[in-house]
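Take a look at the structure set out below.
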Amino acid sequence: MEISTMAQAMQLHARLLKSGRPEDQTHFQNLSKLFTFSALSPSGNLTYARHILTTLKTPNSYYYNTMIRAYSDSPDPTRSITLFLDMHCREEEERVVPDPDKFTYPFVLKACAKLRHTQLGKQIHGLILKMGFMSDRYVNNALIHMYSGCGDSGHALKVFDEMSERDVVSWTSVIDGFVDNDRPIEAIKLFDNMMDSGVDPNEATLVSVLRGCADTGALSIGEKVHNFVKERKLNGKANVGTALIDMYAKCGCIDNARWIFNEMMDKDVYAWTAMISGLASHGLLEEAMEHFEKMKSCSIKPDERTMTAVLSACRNAGWIGKGLYHLRSMKKYKLRPTIQHYGCIVDTFVRAGQLDEAEKYIRKMPIDPDVVLWRTLLWGCKIHGDVERSERLVKDVELLKMDSRDCGSYILLGNVYAATGNWKEKAKMRELMNQRGLVKTPGSSRIEIDGLIHEFTAGDSRHFEAENIYAKLDEMEQNVRREGYDPKVSEVLLEIDNDEKASQLLHHSEKLALSFGLIKTNPGTVIRIVKNLRSCEDCHSFMKLISKLYQREIIIRDRIRYHYFKGGECSCGDRW
DNA sequence: GTTAGGCTGG
């Protein structure tokens, strides 16, 4: 009997129970079939599968493994771990519980990865060693995934290094882990090694390395991967297409992103979202919204990420009304707004200088605001010089206690004081940070030249050309001060990851090192601003600097995010 | 019978 619905499965189960012939071979086959359907099919029912499992007198490991697998893929993977512990400790009496085998471990490790349960993952690793499963490729790959998922790429790499035979999944898992753990350069390096060692990448590998390129702004490597994709005729794959759209958009090539998108046959919500958010980040806000409408007219339902992209387009355009409208519309799609969505709205208020509204909005939000959200408002205080509000916020909300490990709020509050010339208070903040032993994480930036990625950290002088770079930067700074520009530097790939980095970039001498990196002539100018250039003030100085350097105002205007310009007037009302 | 894999972020 074929099973395609849960109702059929339950009917069959009832018949089997009635027939009373459990010794029959077909009985076993049918039972296993309906169990597998209940546990693994998308229309299955986990509770029912669990029920079947409990009724079995002598369940074999297949049943347990399948159940653990189903739980590890479910929204609540803890159940997978509980069941594994049952197996491991044989807690159920009166029943023979099978021992875990080589199939069990990959599933339970996946659950650990999902839960980011490093401790348990390590213990299970120990068990695997003890039980002698370390020679199994699947188990090893699952260990790599577990460590990567728990944010421990170091251990993932260790497992990988010690494997006797690695396959494409091993390579991909470790590469993907590096990307997820914010180490995209190592991911790209590993991809190179992989190609050198003759392992053939598949679409999963290409997707991972493209994500790494997107994070680094490594355009020429991304292009190479794109060529490889074409060679292998993998263009048609939805996931590869989406990764390409995203990579091109994040590397500043919105035209290429558009092209890939238009060529895609079946555009799903992922592809649309990648396109919409790419357009939004390139300041093509009307076009982003048109795409959103088009997507809906193709009967594709937006997901949370789509809505984030839409709301950030509204924010970048300064459309408060539209933003609120789209936030409310989420209900229609059965989506519950998350803190990011509310954050976009708050940021829209902040950018428009409506700090009261922003604060009111935060206080009446249906979910608890977090540090980052409060900081958005605090940042607004800095731009608009609202010291009174910022001090009150820090006291009321206990901002400094909210993120004990992170020093972002201290720095921001320090900046608020600095912006109003209150150097005494700023120094106090610095002192407070020192007292509490908080270390400022330096901003960093990456630049890709001829396929080679250089990473710069503020104040760092370890680069092999550091001396030349700093000398050149000084020279450039002098030039800029004299309102000149340096035609020798023709390629800039700039990445500003967060507020702190943005302000660092503009307020310290290292700022130029971060933004201009190597001094090398290269055809074509690519200016990429990945994330926040938050305050108008920052924008202004940055714009001026870059325009003078490159005399390429148009590029800048196209790329800039978070500010909207009308006739030379910025959203905050400043002229520049 | 297993393992990796696309879009979001204040």
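Residues in the structure tokens are numbered from 1 in each chain, the chains being A, B, ... in the order shown, and ligands are numbered from 1 in the order shown.
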
* Please give the complete set of residues from stretch 306-345 of chain A that DSSP, run on the backbone, assigns to helix (DSSP H, G or I), formatted as a VMD selection string. => chain A and resid 306 to 317 320 to 333 339 to 345

What are the closest atom pairs, with distances in Å to one decimal, for all residues of chain A lying within 6 Å of chain B? Consider only C-alpha atoms (C1' of nucleotides), order rows by chain and residue number, and present the result as a tab-separated table.
residue	atom	partner	partner_atom	distance
A:Phe103	CA	B:DT2	C1'	5.4
A:Tyr138	CA	B:DT3	C1'	4.9
A:Asn141	CA	B:DT3	C1'	5.5
A:Ala142	CA	B:DT3	C1'	5.3
A:Val169	CA	B:DA4	C1'	5.0
A:Thr172	CA	B:DA4	C1'	5.6
A:Ser173	CA	B:DA4	C1'	4.8
A:Ala204	CA	B:DG5	C1'	4.0
A:Asn239	CA	B:DG6	C1'	3.8
A:Thr242	CA	B:DG6	C1'	5.1
A:Ala243	CA	B:DG6	C1'	5.2
A:Tyr270	CA	B:DC7	C1'	4.5
A:Thr273	CA	B:DC7	C1'	5.0
A:Ala274	CA	B:DC7	C1'	4.5
A:Arg305	CA	B:DT8	C1'	4.1
A:Thr308	CA	B:DT8	C1'	5.6
A:Gln340	CA	B:DG10	C1'	5.4
A:Gly343	CA	B:DG10	C1'	3.7
A:Cys344	CA	B:DG10	C1'	5.4
A:Leu373	CA	B:DG10	C1'	5.4

Using C-alpha atoms, can you write the selected residues to a file as a PDB file, in the first residue's frame?
ATOM      1  CA  PHE A 103      23.656   6.379  11.998  1.00  0.00           C
ATOM      2  CA  TYR A 138      29.407  10.701   7.998  1.00  0.00           C
ATOM      3  CA  ASN A 141      31.276  15.399   8.728  1.00  0.00           C
ATOM      4  CA  ALA A 142      28.551  15.742  11.321  1.00  0.00           C
ATOM      5  CA  VAL A 169      30.727  17.375   2.269  1.00  0.00           C
ATOM      6  CA  THR A 172      31.883  22.240   2.284  1.00  0.00           C
ATOM      7  CA  SER A 173      30.980  21.897   5.947  1.00  0.00           C
ATOM      8  CA  ALA A 204      26.582  23.455  -1.922  1.00  0.00           C
ATOM      9  CA  ASN A 239      20.241  28.378  -4.422  1.00  0.00           C
ATOM     10  CA  THR A 242      20.354  33.481  -5.156  1.00  0.00           C
ATOM     11  CA  ALA A 243      23.912  33.302  -3.854  1.00  0.00           C
ATOM     12  CA  TYR A 270      14.744  33.679  -1.554  1.00  0.00           C
ATOM     13  CA  THR A 273      14.365  38.789  -1.280  1.00  0.00           C
ATOM     14  CA  ALA A 274      18.006  38.817  -2.353  1.00  0.00           C
ATOM     15  CA  ARG A 305      13.528  38.429   5.582  1.00  0.00           C
ATOM     16  CA  THR A 308      13.161  43.220   6.580  1.00  0.00           C
ATOM     17  CA  GLN A 340      14.632  43.791  13.402  1.00  0.00           C
ATOM     18  CA  GLY A 343      14.187  48.343  14.569  1.00  0.00           C
ATOM     19  CA  CYS A 344      13.733  49.531  10.980  1.00  0.00           C
ATOM     20  CA  LEU A 373      17.491  49.003  19.436  1.00  0.00           C
TER      21      LEU A 373
END

* Asked: By how many Å are atom CA of A:Lys424 and atom CA of A:Val350 apart?
  -> 26.5 Å

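Atom pair atom CA of A:Ala257 / atom CA of A:Gly318: separated by 24.6 Å.
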
* Skip A:Trp319 itself and residues of its chain fewer than 6 positions away, then list as a VMD selection string all residues within 12 Å of it, counting only C-alpha atoms (C1' of nucleotides). => chain A and resid 285 to 286 289 310 to 313 325 to 326 344 to 349 351 to 352 562 to 564 571

* Asked: With distances taken over only C-alpha atoms, which of A:Ala218, A:Leu190, A:Ala14, A:Leu46 is nearest to A:Phe178?
  -> A:Leu190

* **Spatial neighbours of stretch 26-39 of chain A, 6 Å, only C-alpha atoms (C1' of nucleotides), chain gap at least 3 places, as a list of chain:residue names** => A:Ala9, A:Pro22, A:Gly44, A:Asn45, A:Leu46, A:Ala49, A:Ala70

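In this model, the gap between atom CA of A:Ser220 and atom CA of A:Gly278 comes to 18.5 Å.
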
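Taking only C-alpha atoms (C1' of nucleotides), the non-local environment of stretch 108-110 of chain A within 9 Å (same-chain residues fewer than 6 positions away omitted) comprises Asn65, Ile68, Arg69, Tyr71, Ser72, Asp73, Pro77, Ser80, Ile81, Phe84, Leu120, Gly121, Ile124, His125, Val139, Ala142, Leu143, His145, Met146 and Gly149 of chain A; DT3 of chain B.
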